[in-house]
Amino acid sequence: MKVDNSNYCSSLNKIHKSLVTLLGPEWVLHTPEELLVYECDGLTLHTRPPDFVVFPNSTSDVIKIVKLAQKYKIPFLARGAGTSLSGGAIAAAGGIILEFSRMNKIIAIDQDNRLANVQPGVVNLHITQATENINLHYAPDPSSQVASTIGGNVAENAGGPHTLKYGVTTNHVLALQVVLPNGEDYQIGTIAGDQVGYDLVGTFVGSEGTLGIATEVTVRLIYSPQAVKTLLVIYDSIVDATKTVSGIISRGIIPAALEMIDKNTIQAIEAGVYATGIPLDAEAVLLIEVDGLEAGIEQQLDEILSVVKDYEAREVRIAQTTSDRKKLWAARKNAFGAYGRISPNYYTMDGVIPRSKLPEILNRIDGLGKKYGLRMANVFHAGDGNLHPIILYDINQIDAKKKVLGLAGDILRCCVEAGGTLSGEHGIGLEKKDFMPLFFSEEAIEVMRKLKSVFNPNNLANPKKIFPMRRGCGEMSIDPENNRSKTIAHEKDPEFVQF
Amino acid sequence: MQNPLNSKKKLSIPSSLPNSQLSRFKVHGLQPKIAASPKTSEEMSEIIRIAQKSNWGVAPFGSGTKQEIGNSPKRFDLALCTKFFNQIPEYEPQDLVVRVESGCCLRQLQNHLMADRLWLPIDPPHSERSTLGGIVATNSSGPCRFGNGTIRDYLLGIGIFQPDGSWTQFGSRVVKNVTGYDMCKLYTGSLGTLGIFSDFYFKLKPLPAYEKSVVMLFENLQNIYDAMVLLSRSSLQPSALEFLNSEGLKIVCRKMDLSQKFNRYALIVRFSDLAKSVNWQVRELQQKWLPYVDEGIELSDSKQHLLLWEILREDSPYLSKKLNNNVKLKINILPSQLVHWVNLLEENLAGINSSVVLKAHAGNGIIQMYCHLENSAPTFQALSKLIKEWRAKLRSSRGSVIIESGPKNLKKIVDTWGYCYKDLKIMSQIKNQLDPQEILNPGRFVV
């Protein structure tokens, strides 16, 4: 919806005044310097500052802000810690960011029903920290869990290493309080038996903020395992590592986690504060974890070791203490951050392929990296075929962004051609929306658009995410030269909102 | 999945069935004007297009085991049978993934997977005949949902014909996927009101290495309550946890040829894991529950074990074949409220029928009530009043009472679903958007 430029500033002023009246001046950011912090999220290649950042403190605040946004037809989106790697928390069309750091309370923990009721700004790991004294924990563990918030996890259907055994966010969210883009609030889902009617919670989780905003989340907790065994298996060949992965799964063993780290990543980790003594000449390592009852843990470990024996591992290290185990996981979960030691910039991708195609696809990705003259690294959830190819680059080099985006596109095509999908856990966001037609037919995209129109008919909630531009409505491109999205002739496309 | 409509074959005439077969496709006593069993996706698409142009009311049919569920259709012109969509076109045991067509029976699929010691970890009722399409459409589940989850947790990808006849696919064969909206979740449990399934990708699990079950008998409900609290605070990991009242226990013992004192309650616990883990858990449970249990029976014989879980899975053992007016209610409650609700239901129903069976997926908060009613208006009125009272009591926890099967005269005076929550408005809007002419199972669901 286009607003005449001559009214632009006057409308912004009115909105600012209303927001300040609503929340108080200390909870409304509006100067360029304040807004700069929010111009991107974990997807640093794309930037666009919002017009405002506000800090609601209750569902009632959220309702009022959303209604205000509707009144002035200004886009809005929710943001937790801003760790999204697909641009989900970037204000791609400007507008209001609702930042949830004030709504960070664990409201209730129900031990007998194994539930926790939390506000969306609660940090993922804090749930487990609050429940570990009663031997319960929250299973979905994205690598960002020390920072990422439950609201963001819900929006992206976050995964993590232990989702191989325990499932992803959607398997652990039972009920939500949501504010829809029209400002109405609803409770959806149930903690009492089965939901009757359509599974609105399942539909909402992973909808990337385009169907509304969750203001309360009820999650399932699970009993913490009695025993855990963590192994680091070191390989001289990445092929042997990938064959081990297939070997484990095909023997019907489901470990709690099964992660792979390649040589470039090993070198980055070992150069940093999370070094664990992995040999720098190792081609790959597997981080494998089994958990369960004490009575059966040794047998589980033996079964894993018997598979490992078949595939030429150089060395197997079994964590002897909780501290050893934590060190191994710290190395894995901080791998992305470690790339800063070996490259000025990096771009994290997220694709999924059938596990059995791992060796072939890793080879192809390696070849693509060479074709574009860019170094690659890999750290990923091998057990469920969820790859995170990392493109290492220097933004100051000529055509750097163009090359990176070109390589990224080819990698996504490669994943889809192999029978996979565009995203395993980072979401589509801004990053991959133009690739949606690679995976979905027009008819399927149209069905999803219809679903979206139920919740978000005028596209003010997190616009320019997930859906590609409609054909014939002009092109939107990311201008690699000045990091800004620019649009050309698209006013009739509902995916475009210009304020 | 290939789009079946890309085939260059000339579309054949839709496979309609002779009038003599229409009575096989009754829904709540209503017979369709036409029944068709399309043999190909092109036929299916063509029939749906015709139905849309003609504004027919369409009911998808698998094997019909769950057509009793829901309201009577507002319009019923066409029964669309998925009988010929019964193949298993893709199976990757090394990836623990299978693609199966919607008309394939669960039993057929499980038999196919067993050779590789894999299974789709669900055990809904009517396992011998129910189709995957019907199971997904009703989100049907059984006792093993406690340790394994429901079909919702295993559905990776879906092929579905839209109400305009176009074929669409959502999701795929990979186990993690956040590409677009999670339409698999929306379609699961949608009771055939949003589209007609063609096929599914499911993720699989290895069959358990070893299993054992214990039947624990309790004198009173307070002991059951205390036992369940202990269990929920322990590291024990049952794969199933079922509750029976004394009427239910009577039936199970009779079918298993076990002679037991009645007037007792039962918790039946199943453990599925490595043998060492299972045996440890059985001993641990027996020790923990010693102060509360009157008697415990351990089942190690595999035939007995299979029989027990078949009886617990199915509805038919608890419904009288000789008597009319059988009622099955599904009552969704907070799991920790099980004992409170069993108490309440037994008290409330005492005046209507003294042999009500109460069975529950105890750890999931799902009570199944079975009884037969006297064929009298006052009896129907009395039960209808109770159902409404229970629904009111469940409002604060967003629970529900559903009439899964019951006589017409009961359903005339009390709504099958009784869904009264505000989000019904969103569900209506979804239905209006995705099936604007309301051709798919019109009127049968909450919207």
# chains A, B, ... in the order shown; residues from 1 in each chain; ligands from 1
call {"tool": "interface_residues", "arguments": {"of": "chain A", "to": "chain B", "cutoff": "6 Å", "atoms": "only C-alpha atoms", "output": "list in words"}}
result
Thr190, Ala192, Gly193, Gly197, Tyr198, Asp199, Gly202, Thr203, Ser207, Ser250, Gly252, Ala295, Gly296, Pro354, Leu422, Ser423, Gly424, Glu425, Gly427 and Ala444 of chain A
call {"tool": "select_by_dssp", "arguments": {"residues": "stretch 11-248 of chain A", "states": "alpha helix (DSSP H)", "output": "number ranges by chain"}}
result
A: 11-23, 32-36, 59-72, 124-131, 150-156, 163-166, 200-204, 238-248
call {"tool": "residues_around", "arguments": {"residues": "A:Leu22", "least_positions_apart": "6", "cutoff": "9 Å", "atoms": "only C-alpha atoms", "output": "list in words"}}
result
Asp61, Lys64 and Ile65 of chain A
call {"tool": "residues_around", "arguments": {"residues": "stretch 378-386 of chain B", "least_positions_apart": "6", "cutoff": "7 Å", "atoms": "only C-alpha atoms", "output": "ChimeraX atom specification"}}
result
/B:352,410,413-414
call {"tool": "select_by_dssp", "arguments": {"residues": "stretch 343-381 of chain B", "states": "strand (DSSP E or B)", "output": "list in words"}}
result
Val357, Leu358, Lys359, Ala360, His361, Ile366, Ile367, Gln368, Met369, Tyr370, Cys371 and His372 of chain B
call {"tool": "residues_around", "arguments": {"residues": "B:Ser316", "least_positions_apart": "4", "cutoff": "9 Å", "atoms": "only C-alpha atoms", "output": "PyMOL selection string"}}
result
chain B and resi 125-126+311+320-321
call {"tool": "atom_distance", "arguments": {"atom1": "atom CA of B:Gly103", "atom2": "atom CA of B:Lys83"}}
result
5.2 Å
call {"tool": "atom_distance", "arguments": {"atom1": "atom CA of A:Gly160", "atom2": "atom CA of A:Ala418"}}
result
22.2 Å
call {"tool": "closest_residue", "arguments": {"among": "A:Arg375, A:Arg251, A:Ala282, A:Leu407", "to": "A:Ile266", "atoms": "only C-alpha atoms"}}
result
A:Ala282
call {"tool": "closest_residue", "arguments": {"among": "A:Ser11, A:Gln145, A:Thr47, A:Ser356", "to": "A:Ala69", "atoms": "only C-alpha atoms"}}
result
A:Ser11
call {"tool": "residues_around", "arguments": {"residues": "stretch 45-51 of chain B", "least_positions_apart": "6", "cutoff": "7 Å", "atoms": "only C-alpha atoms", "output": "compact mmCIF listing (two decimals) with N, CA and C atoms, in the first residue's frame"}}
result
# COMPACT_ATOMS: atom_id res chain seq x y z
N PRO B 14 -14.31 -41.37 -15.64
CA PRO B 14 -14.23 -41.69 -14.21
C PRO B 14 -14.94 -43.00 -13.86
N PHE B 161 -5.28 -33.71 -3.54
CA PHE B 161 -6.10 -33.07 -4.56
C PHE B 161 -6.90 -31.96 -3.89
N PRO B 163 -9.93 -28.99 -3.79
CA PRO B 163 -11.34 -29.03 -4.18
C PRO B 163 -11.60 -28.63 -5.63
N ASP B 164 -10.62 -28.00 -6.29
CA ASP B 164 -10.81 -27.70 -7.72
C ASP B 164 -10.22 -28.79 -8.61
N GLY B 165 -9.75 -29.87 -8.02
CA GLY B 165 -9.22 -30.99 -8.79
C GLY B 165 -7.71 -30.92 -9.04
N SER B 166 -7.09 -29.78 -8.76
CA SER B 166 -5.64 -29.68 -9.00
C SER B 166 -4.90 -30.51 -7.94
call {"tool": "residues_around", "arguments": {"residues": "stretch 244-255 of chain B", "least_positions_apart": "2", "cutoff": "8 Å", "atoms": "only C-alpha atoms", "output": "list in words"}}
result
Glu242, Asp257, Leu258, Ser259, Gln260, Phe262, Asn263, Arg264, Tyr265, Ala266, Leu267, Leu308, Ile311, Leu312, Pro317, Tyr318, Ser355, Val356, Val357, Leu358, Lys359 and Ala360 of chain B
call {"tool": "atom_distance", "arguments": {"atom1": "atom CA of A:Val217", "atom2": "atom CA of A:Val37"}}
result
26.9 Å
call {"tool": "closest_residue", "arguments": {"among": "B:Val98, B:Leu344, B:Ala209, B:Leu307", "to": "A:Gln299", "atoms": "only C-alpha atoms"}}
result
B:Ala209
call {"tool": "closest_residue", "arguments": {"among": "A:Tyr372, A:Ser84, A:Ser323, A:Ala257", "to": "A:Ala147", "atoms": "only C-alpha atoms"}}
result
A:Ser84
call {"tool": "decode", "arguments": {"residues": "stretch 30-135 of chain B", "atoms": "C-alpha atoms", "output": "compact mmCIF listing (two decimals), in the first residue's frame"}}
result
# COMPACT_ATOMS: atom_id res chain seq x y z
CA LEU B 30 -27.50 -41.51 3.88
CA GLN B 31 -26.69 -43.03 0.52
CA PRO B 32 -24.82 -41.07 -2.18
CA LYS B 33 -26.23 -40.64 -5.70
CA ILE B 34 -22.92 -41.79 -7.23
CA ALA B 35 -19.93 -43.72 -6.00
CA ALA B 36 -16.64 -43.82 -7.88
CA SER B 37 -13.36 -45.64 -7.41
CA PRO B 38 -10.91 -43.81 -9.67
CA LYS B 39 -8.02 -45.94 -10.82
CA THR B 40 -5.63 -43.14 -11.67
CA SER B 41 -4.80 -39.65 -10.51
CA GLU B 42 -6.15 -38.22 -13.77
CA GLU B 43 -9.51 -39.85 -13.07
CA MET B 44 -9.50 -38.60 -9.49
CA SER B 45 -8.76 -35.07 -10.65
CA GLU B 46 -11.45 -35.22 -13.36
CA ILE B 47 -14.09 -36.47 -10.94
CA ILE B 48 -13.31 -33.75 -8.43
CA ARG B 49 -13.51 -31.12 -11.18
CA ILE B 50 -16.91 -32.45 -12.21
CA ALA B 51 -18.01 -32.44 -8.57
CA GLN B 52 -16.95 -28.83 -8.19
CA LYS B 53 -18.72 -27.72 -11.38
CA SER B 54 -21.84 -29.55 -10.28
CA ASN B 55 -21.58 -28.30 -6.68
CA TRP B 56 -21.83 -31.84 -5.33
CA GLY B 57 -21.23 -32.80 -1.74
CA VAL B 58 -18.34 -35.27 -1.74
CA ALA B 59 -17.27 -37.74 0.94
CA PRO B 60 -13.82 -39.33 0.56
CA PHE B 61 -13.94 -43.04 1.39
CA GLY B 62 -11.09 -45.31 2.39
CA SER B 63 -12.41 -48.50 3.93
CA GLY B 64 -15.15 -46.61 5.76
CA THR B 65 -14.08 -47.63 9.27
CA LYS B 66 -14.43 -44.10 10.62
CA GLN B 67 -17.35 -42.68 8.64
CA GLU B 68 -19.39 -42.80 11.85
CA ILE B 69 -17.32 -39.88 13.17
CA GLY B 70 -18.73 -36.40 12.70
CA ASN B 71 -22.07 -34.90 11.81
CA SER B 72 -24.29 -36.12 9.01
CA PRO B 73 -23.29 -34.55 5.70
CA LYS B 74 -25.28 -31.48 4.63
CA ARG B 75 -25.08 -32.68 1.02
CA PHE B 76 -24.00 -36.15 -0.08
CA ASP B 77 -23.90 -36.70 -3.83
CA LEU B 78 -20.66 -38.53 -4.41
CA ALA B 79 -18.66 -41.11 -2.46
CA LEU B 80 -15.10 -40.99 -3.74
CA CYS B 81 -13.28 -44.19 -2.91
CA THR B 82 -9.48 -44.45 -2.75
CA LYS B 83 -9.48 -48.25 -3.08
CA PHE B 84 -7.13 -48.27 -6.10
CA PHE B 85 -4.67 -45.84 -4.52
CA ASN B 86 -3.11 -48.67 -2.57
CA GLN B 87 0.52 -48.88 -3.66
CA ILE B 88 3.80 -48.38 -1.84
CA PRO B 89 5.66 -46.58 -4.65
CA GLU B 90 8.82 -45.62 -2.75
CA TYR B 91 10.55 -47.27 0.17
CA GLU B 92 13.99 -46.40 1.46
CA PRO B 93 14.67 -48.55 4.51
CA GLN B 94 18.18 -47.13 4.86
CA ASP B 95 16.65 -43.63 5.16
CA LEU B 96 13.74 -44.78 7.32
CA VAL B 97 11.26 -43.23 4.90
CA VAL B 98 8.34 -44.66 2.94
CA ARG B 99 5.90 -43.24 0.43
CA VAL B 100 2.49 -44.87 0.51
CA GLU B 101 -0.78 -44.15 -1.26
CA SER B 102 -3.78 -43.03 0.74
CA GLY B 103 -5.94 -46.10 0.08
CA CYS B 104 -3.30 -48.53 1.35
CA CYS B 105 -4.27 -50.25 4.60
CA LEU B 106 -2.10 -49.75 7.62
CA ARG B 107 -1.79 -53.52 8.07
CA GLN B 108 -0.49 -53.90 4.51
CA LEU B 109 2.10 -51.20 5.12
CA GLN B 110 3.24 -52.61 8.47
CA ASN B 111 3.62 -56.08 6.95
CA HIS B 112 5.75 -54.62 4.18
CA LEU B 113 7.99 -52.82 6.67
CA MET B 114 8.35 -55.73 9.05
CA ALA B 115 10.79 -57.52 6.77
CA ASP B 116 13.31 -54.75 7.57
CA ARG B 117 12.27 -54.65 11.24
CA LEU B 118 10.73 -51.22 10.74
CA TRP B 119 7.29 -49.85 11.45
CA LEU B 120 5.13 -46.75 11.30
CA PRO B 121 4.81 -46.32 15.07
CA ILE B 122 1.05 -45.95 15.39
CA ASP B 123 -1.59 -48.42 16.57
CA PRO B 124 -5.02 -46.94 15.88
CA PRO B 125 -8.22 -49.00 16.06
CA HIS B 126 -9.42 -50.92 12.99
CA SER B 127 -5.78 -51.60 12.12
CA GLU B 128 -6.72 -54.53 9.90
CA ARG B 129 -8.82 -52.44 7.56
CA SER B 130 -8.24 -48.74 8.09
CA THR B 131 -6.42 -46.88 5.34
CA LEU B 132 -3.61 -44.38 5.80
CA GLY B 133 -5.87 -41.72 4.27
CA GLY B 134 -8.52 -42.33 6.91
CA ILE B 135 -5.97 -42.43 9.70
